[in-house]
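Have a look at entry-v5.tsv below; it lists TSV, C-alpha atoms.
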chain	number	residue	atom	x	y	z
J	1	MET	CA	134.20	96.94	145.41
J	2	GLN	CA	132.01	96.45	148.49
J	3	VAL	CA	131.21	100.17	148.55
J	4	LEU	CA	130.12	99.95	144.92
J	5	PHE	CA	127.76	97.07	145.71
J	6	ALA	CA	126.34	99.04	148.65
J	7	ILE	CA	125.68	102.05	146.41
J	8	VAL	CA	124.09	99.85	143.73
J	9	ILE	CA	121.76	98.10	146.20
J	10	ALA	CA	120.74	101.33	147.95
J	11	GLY	CA	120.26	103.02	144.57
J	12	ALA	CA	118.18	100.13	143.26
J	13	LEU	CA	115.91	100.20	146.31
J	14	LEU	CA	115.56	103.98	146.10
J	15	GLY	CA	114.75	103.72	142.38
J	16	LEU	CA	112.21	100.97	143.05
J	17	ASN	CA	110.65	103.12	145.73
J	18	ALA	CA	110.41	106.17	143.47
J	19	TRP	CA	109.01	104.12	140.59
J	20	LEU	CA	106.36	102.42	142.72
J	21	TYR	CA	105.42	105.73	144.34
J	22	THR	CA	104.87	107.33	140.92
J	23	ALA	CA	103.02	104.29	139.57
J	24	ASN	CA	100.81	104.23	142.66
J	25	LYS	CA	99.99	107.92	142.27
J	26	LYS	CA	99.09	107.38	138.60
J	27	THR	CA	96.85	104.39	139.29
J	28	PRO	CA	93.24	105.59	139.37
J	29	VAL	CA	91.27	105.03	142.55
J	30	PRO	CA	88.47	102.46	142.02
J	31	GLU	CA	84.93	103.68	141.52
J	32	GLY	CA	83.13	104.38	144.75
J	33	CYS	CA	86.36	104.74	146.71
J	34	GLU	CA	87.09	108.37	145.80
J	35	ASN	CA	85.75	109.75	149.04
J	36	LEU	CA	87.03	107.25	151.55
J	37	LYS	CA	87.31	109.08	154.84
J	38	PRO	CA	89.79	108.21	157.54
J	39	ASP	CA	88.48	108.33	161.07
J	40	CYS	CA	90.69	111.27	162.02
J	41	THR	CA	88.63	112.45	164.95
J	42	GLY	CA	89.96	109.90	167.41
J	43	CYS	CA	93.36	109.43	165.83
J	44	GLY	CA	96.50	110.66	167.54
J	45	ILE	CA	98.73	110.49	164.46
J	46	THR	CA	99.10	114.17	163.59
J	47	ASP	CA	101.68	114.01	160.79
J	48	CYS	CA	99.69	111.59	158.61
J	49	ALA	CA	99.06	112.63	154.99
J	50	LEU	CA	95.43	111.51	155.22
J	51	ARG	CA	94.84	113.73	158.22
J	52	LYS	CA	96.32	116.76	156.45
J	53	LYS	CA	94.04	116.13	153.46
J	54	GLU	CA	91.05	115.77	155.78
J	55	GLU	CA	91.90	119.05	157.53
J	56	GLU	CA	92.30	120.87	154.21
J	57	GLN	CA	88.91	119.64	153.02
J	58	SER	CA	87.19	120.56	156.26
J	59	THR	CA	88.54	124.13	156.15
J	60	LEU	CA	87.29	124.68	152.59
F	1	MET	CA	112.75	76.11	168.00
F	2	ASN	CA	109.35	74.45	168.23
F	3	LEU	CA	107.08	76.30	165.80
F	4	LEU	CA	104.04	76.16	168.08
F	5	THR	CA	106.10	77.61	170.92
F	6	LEU	CA	107.34	80.35	168.63
F	7	PHE	CA	103.79	81.13	167.48
F	8	LEU	CA	102.30	81.27	170.98
F	9	SER	CA	105.24	83.23	172.29
F	10	ALA	CA	104.97	85.89	169.58
F	11	LEU	CA	101.17	85.99	169.77
F	12	LEU	CA	100.57	86.16	173.52
F	13	ILE	CA	103.67	86.17	175.72
F	14	ASN	CA	105.93	88.56	173.85
F	15	ASN	CA	103.01	90.48	172.38
F	16	VAL	CA	104.33	93.27	170.22
F	17	ILE	CA	102.13	95.93	171.83
F	18	LEU	CA	101.68	94.89	175.44
F	19	SER	CA	105.14	93.42	176.05
F	20	LYS	CA	107.44	95.22	173.60
F	21	PHE	CA	105.50	98.53	173.44
F	22	ILE	CA	105.97	98.67	169.67
F	23	GLY	CA	103.21	99.96	167.36
F	24	MET	CA	101.59	102.04	170.11
F	25	CYS	CA	100.70	104.79	167.64
F	26	PRO	CA	98.03	102.85	165.66
F	27	PHE	CA	97.09	101.01	168.87
F	28	LEU	CA	95.87	104.26	170.41
F	29	GLY	CA	95.05	106.02	167.14
F	30	VAL	CA	92.91	103.49	165.29
F	31	SER	CA	91.09	101.83	168.17
F	32	ASN	CA	88.07	104.06	168.54
F	33	LYS	CA	85.86	101.88	166.35
F	34	LEU	CA	85.86	98.11	166.04
F	35	SER	CA	85.47	98.20	162.24
F	36	SER	CA	88.54	100.45	161.90
F	37	ALA	CA	90.54	98.19	164.22
F	38	VAL	CA	89.68	95.09	162.19
F	39	GLY	CA	90.62	96.86	158.92
F	40	MET	CA	93.90	98.10	160.35
F	41	GLY	CA	94.68	94.69	161.85
F	42	LEU	CA	94.13	92.86	158.56
F	43	ALA	CA	96.22	95.38	156.65
F	44	VAL	CA	99.04	95.05	159.23
F	45	ILE	CA	99.02	91.24	158.98
F	46	PHE	CA	99.23	91.42	155.20
F	47	VAL	CA	102.02	94.01	155.10
F	48	ILE	CA	104.14	92.56	157.93
F	49	PHE	CA	104.01	89.08	156.44
F	50	GLY	CA	104.98	90.24	152.93
F	51	ALA	CA	107.62	92.73	154.06
F	52	SER	CA	109.26	90.28	156.49
F	53	VAL	CA	109.57	87.50	153.93
F	54	LEU	CA	111.03	89.92	151.37
F	55	SER	CA	113.43	91.37	153.95
F	56	TRP	CA	114.60	87.89	154.97
F	57	ALA	CA	115.26	87.00	151.34
F	58	LEU	CA	117.05	90.29	150.66
F	59	TYR	CA	119.28	89.82	153.69
F	60	TYR	CA	120.30	86.21	153.13
F	61	TYR	CA	120.46	86.25	149.31
F	62	ALA	CA	121.92	89.71	148.67
F	63	LEU	CA	123.37	91.42	151.74
F	64	VAL	CA	125.12	88.45	153.37
F	65	PRO	CA	126.85	87.13	150.20
F	66	LEU	CA	128.12	90.65	149.45
F	67	GLY	CA	129.21	91.32	153.04
F	68	LEU	CA	126.79	94.23	153.40
F	69	GLU	CA	125.00	93.14	156.59
F	70	TYR	CA	125.50	96.61	158.10
F	71	MET	CA	123.09	98.00	155.47
F	72	LYS	CA	120.12	95.97	156.67
F	73	LEU	CA	118.37	98.85	158.43
F	74	ILE	CA	118.29	101.25	155.48
F	75	CYS	CA	117.52	98.43	153.04
F	76	PHE	CA	114.59	97.16	155.11
F	77	ILE	CA	113.13	100.65	155.49
F	78	LEU	CA	113.25	101.19	151.73
F	79	LEU	CA	111.88	97.72	151.04
F	80	ILE	CA	108.94	98.18	153.42
F	81	ALA	CA	108.07	101.58	151.91
F	82	ALA	CA	108.24	100.12	148.39
F	83	PHE	CA	106.19	97.08	149.38
F	84	VAL	CA	103.42	99.23	150.86
F	85	GLN	CA	103.28	101.30	147.66
F	86	PHE	CA	103.11	98.12	145.60
F	87	VAL	CA	100.36	96.58	147.75
F	88	GLN	CA	98.30	99.75	147.56
F	89	MET	CA	98.63	99.91	143.77
F	90	PHE	CA	97.88	96.19	143.40
F	91	ILE	CA	94.73	96.41	145.52
F	92	LYS	CA	93.58	99.51	143.64
F	93	LYS	CA	93.81	97.63	140.35
F	94	THR	CA	92.53	94.22	141.35
F	95	SER	CA	90.06	94.52	144.21
F	96	PRO	CA	88.05	97.70	144.75
F	97	SER	CA	86.14	96.07	147.60
F	98	LEU	CA	89.36	95.24	149.43
F	99	TYR	CA	90.64	98.75	148.72
F	100	LYS	CA	87.47	100.12	150.28
F	101	SER	CA	88.10	98.28	153.52
F	102	LEU	CA	91.91	98.33	153.75
F	103	GLY	CA	93.10	101.08	151.41
F	104	ILE	CA	92.73	103.89	153.86
F	105	TYR	CA	95.02	102.17	156.39
F	106	LEU	CA	97.84	101.19	154.06
F	107	PRO	CA	99.66	104.58	154.05
F	108	LEU	CA	99.58	104.56	157.86
F	109	ILE	CA	101.35	101.21	157.99
F	110	THR	CA	104.50	102.64	156.41
F	111	THR	CA	105.06	104.47	159.68
F	112	ASN	CA	104.23	101.48	161.88
F	113	CYS	CA	107.48	100.51	163.53
F	114	ALA	CA	106.16	96.98	164.18
F	115	VAL	CA	106.81	96.21	160.50
F	116	LEU	CA	110.48	97.08	160.81
F	117	TYR	CA	110.68	95.34	164.19
F	118	VAL	CA	109.53	92.00	162.76
F	119	ALA	CA	111.86	92.27	159.75
F	120	LEU	CA	114.86	93.00	162.02
F	121	ASP	CA	113.83	90.47	164.68
F	122	ASN	CA	113.76	87.64	162.13
F	123	ILE	CA	117.39	88.41	161.31
F	124	THR	CA	118.75	89.08	164.80
F	125	GLN	CA	117.13	85.91	166.20
F	126	GLY	CA	118.64	83.92	163.30
F	127	TYR	CA	115.31	82.38	162.28
F	128	THR	CA	115.13	79.90	159.43
F	129	PHE	CA	112.71	80.58	156.56
F	130	VAL	CA	109.90	78.51	158.15
F	131	GLU	CA	110.42	80.19	161.52
F	132	THR	CA	110.34	83.55	159.76
F	133	LEU	CA	106.98	82.64	158.19
F	134	VAL	CA	105.54	81.64	161.58
F	135	ASN	CA	106.91	84.69	163.39
F	136	SER	CA	105.72	87.02	160.62
F	137	ILE	CA	102.16	85.72	161.01
F	138	ALA	CA	102.12	85.46	164.80
F	139	VAL	CA	103.40	88.95	165.61
F	140	PRO	CA	100.81	90.87	163.52
F	141	ALA	CA	98.11	88.41	164.63
F	142	GLY	CA	98.98	89.37	168.21
F	143	PHE	CA	98.85	93.02	167.19
F	144	MET	CA	95.37	92.55	165.69
F	145	LEU	CA	94.15	90.53	168.68
F	146	VAL	CA	95.09	93.25	171.14
F	147	LEU	CA	93.86	96.03	168.84
F	148	VAL	CA	90.44	94.39	168.44
F	149	ILE	CA	90.06	93.71	172.18
F	150	PHE	CA	91.11	97.28	172.95
F	151	ALA	CA	88.68	98.72	170.36
F	152	THR	CA	85.83	96.66	171.81
F	153	ILE	CA	86.57	97.98	175.29
F	154	ARG	CA	86.86	101.57	174.03
F	155	GLU	CA	83.50	101.30	172.24
F	156	ARG	CA	81.91	100.25	175.51
F	157	LEU	CA	83.79	102.95	177.40
F	158	ALA	CA	82.27	105.56	175.09
F	159	ALA	CA	78.89	104.72	176.57
F	160	ALA	CA	80.19	104.45	180.14
F	161	ASP	CA	79.99	107.14	182.77
F	162	VAL	CA	83.67	108.10	182.93
F	163	PRO	CA	84.71	111.18	184.97
F	164	ASP	CA	85.52	114.16	182.71
F	165	ALA	CA	89.20	114.20	183.63
F	166	TRP	CA	89.55	110.55	182.59
F	167	LYS	CA	87.72	110.76	179.26
F	168	GLY	CA	89.62	109.97	176.05
F	169	ASN	CA	93.28	109.03	176.22
F	170	PRO	CA	93.70	108.85	180.04
F	171	ILE	CA	91.17	106.06	180.45
F	172	ALA	CA	92.56	104.40	177.30
F	173	PHE	CA	96.01	104.28	178.91
F	174	VAL	CA	94.55	102.78	182.09
F	175	VAL	CA	92.81	100.11	180.00
F	176	ALA	CA	96.04	99.41	178.11
F	177	ALA	CA	97.94	99.02	181.39
F	178	ILE	CA	95.37	96.57	182.77
F	179	MET	CA	95.50	94.61	179.51
F	180	ALA	CA	99.30	94.45	179.75
F	181	ILE	CA	99.04	93.06	183.28
F	182	ALA	CA	96.44	90.53	182.12
F	183	PHE	CA	98.61	89.41	179.19
F	184	SER	CA	101.63	89.02	181.47
F	185	ALA	CA	99.78	86.03	182.97
F	186	PHE	CA	100.48	84.17	179.72
F	187	SER	CA	104.21	84.15	180.53
F	188	GLY	CA	103.88	80.77	182.24
F	189	LEU	CA	102.15	79.23	179.23
F	190	VAL	CA	105.23	78.00	177.36

Just dump the structure as structure tokens.
Amino acid sequence: MQVLFAIVIAGALLGLNAWLYTANKKTPVPEGCENLKPDCTGCGITDCALRKKEEEQSTL
Amino acid sequence: MNLLTLFLSALLINNVILSKFIGMCPFLGVSNKLSSAVGMGLAVIFVIFGASVLSWALYYYALVPLGLEYMKLICFILLIAAFVQFVQMFIKKTSPSLYKSLGIYLPLITTNCAVLYVALDNITQGYTFVETLVNSIAVPAGFMLVLVIFATIRERLAAADVPDAWKGNPIAFVVAAIMAIAFSAFSGLV
């Protein structure tokens, strides 16, 4: 029974995560905030999604 | 525990960056400009406070009654990730101005281990709900304090005549070490 509860709780949290991720992606970015730029030049976080986007845009 | 003692301890003495060495990634990464540091600091306070309170409630009202305490790590990670997504979506919909100043930092916070540290620390220390509230404000406030001081110093260092070999991260590490020594003086405060 305890294992079942564990699966239900983990599943619920995973589902919540997936739902919020999709909803967040679908939510339009407010006007004037489309081109917000992270300050990647001095940042040491190399695996950040924002940095990858910034690098892609700069190579285009 | 005295709440003021807890607050001062989490803010200055057991500072999450300079004493625990947690959250070093944004500390070094987002401290080049003061405006970025303030934005990141505010976003961290908001997320840590919300995520810690939710984690505390999840642990004591769901995991403990069901005997699933061993699942706290995975549950907290999922909860923090979901909370950050929710906050980002909420800010997008309700406050474009806030999104402009904080939005860019929110995805970075998901990977900030300080968020998970506070959520786990509240449980392992056995804090009550009120103590959890105080600790969840004090720890990110300490994070922001140190981040802002560090960003101010780095902005001044950019204009300073630093030897080539010390420019960038090396001098930043030296500054961080000196700050850690300075903050250790607070240990006699409480």

Which distance in Å separates atom CA of J:Lys26 and atom CA of F:Asn112, to one decimal?
->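 Rounded to one decimal, the two atoms are 24.6 Å apart.
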
Near-stretch 135-147 of chain F list (7 Å; all atoms listed in the file; drop same-chain fewer than 5 positions) as a PyMOL selection string | chain F and resi 6-7+10-12+15-17+27+31+37+41+44-45+48-49+52+118

Selected residue, from F:Val134, F:Val175, F:Leu98, F:Leu73, that lies nearest to F:Ala119 when counting all atoms listed in the file =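 Using all atoms listed in the file, the shortest distance to F:Ala119 belongs to F:Leu73.
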
Near-J:Glu34 list (12 Å; all atoms listed in the file; drop same-chain fewer than 4 positions) as a list in words |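 So, after excluding close chain neighbours, the residues are Pro28, Val29 and Pro30 of chain J; Lys92, Pro96, Tyr99, Lys100, Gly103 and Ile104 of chain F.
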
Counting all atoms listed in the file, find the residues whose atoms lie at most 12 Å from (131.4, 96.6, 150.5) (file coordinates) and write them out as a list of chain:residue names.
-> J:Met1, J:Gln2, J:Val3, J:Leu4, J:Phe5, J:Ala6, J:Ile7, J:Val8, J:Ile9, J:Ala10, F:Ala62, F:Leu63, F:Val64, F:Pro65, F:Leu66, F:Gly67, F:Leu68, F:Glu69, F:Tyr70, F:Met71

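For chain F, the residues close to chain J, meaning within 7 Å and counting only C-alpha atoms, are Cys25, Gly29, Val30, Asn32, Leu68, Cys75, Leu78, Leu79, Ala81, Ala82, Gln85, Phe86, Met89, Lys92, Pro96, Lys100 and Ile104 of chain F.
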
Just give me the gap between atom CA of F:Val174 and atom CA of F:Ser19 in Å, one decimal is fine.
->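 Rounded to one decimal, the two atoms are 15.4 Å apart.
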
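For the pair atom CA of F:Tyr117 and atom CA of F:Ser55, the separation is 11.3 Å.
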
Would you kindly return, as a list in words, each protein, DNA or RNA residue with an atom no farther than 10 Å from any atom of F:Leu120, considering all atoms listed in the file and excluding same-chain residues fewer than 2 positions away?
->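 In the requested format, the answer is Ser52, Ser55, Trp56, Tyr59, Lys72, Leu73, Phe76, Ala114, Val115, Leu116, Tyr117, Val118, Asn122, Ile123, Thr124, Gln125 and Gly126 of chain F.
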
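Among F:Leu108, F:Ala51, F:Val162, F:Leu58, the residue with the shortest atom-to-atom distance to F:Phe83, counting only C-alpha atoms, is F:Ala51.
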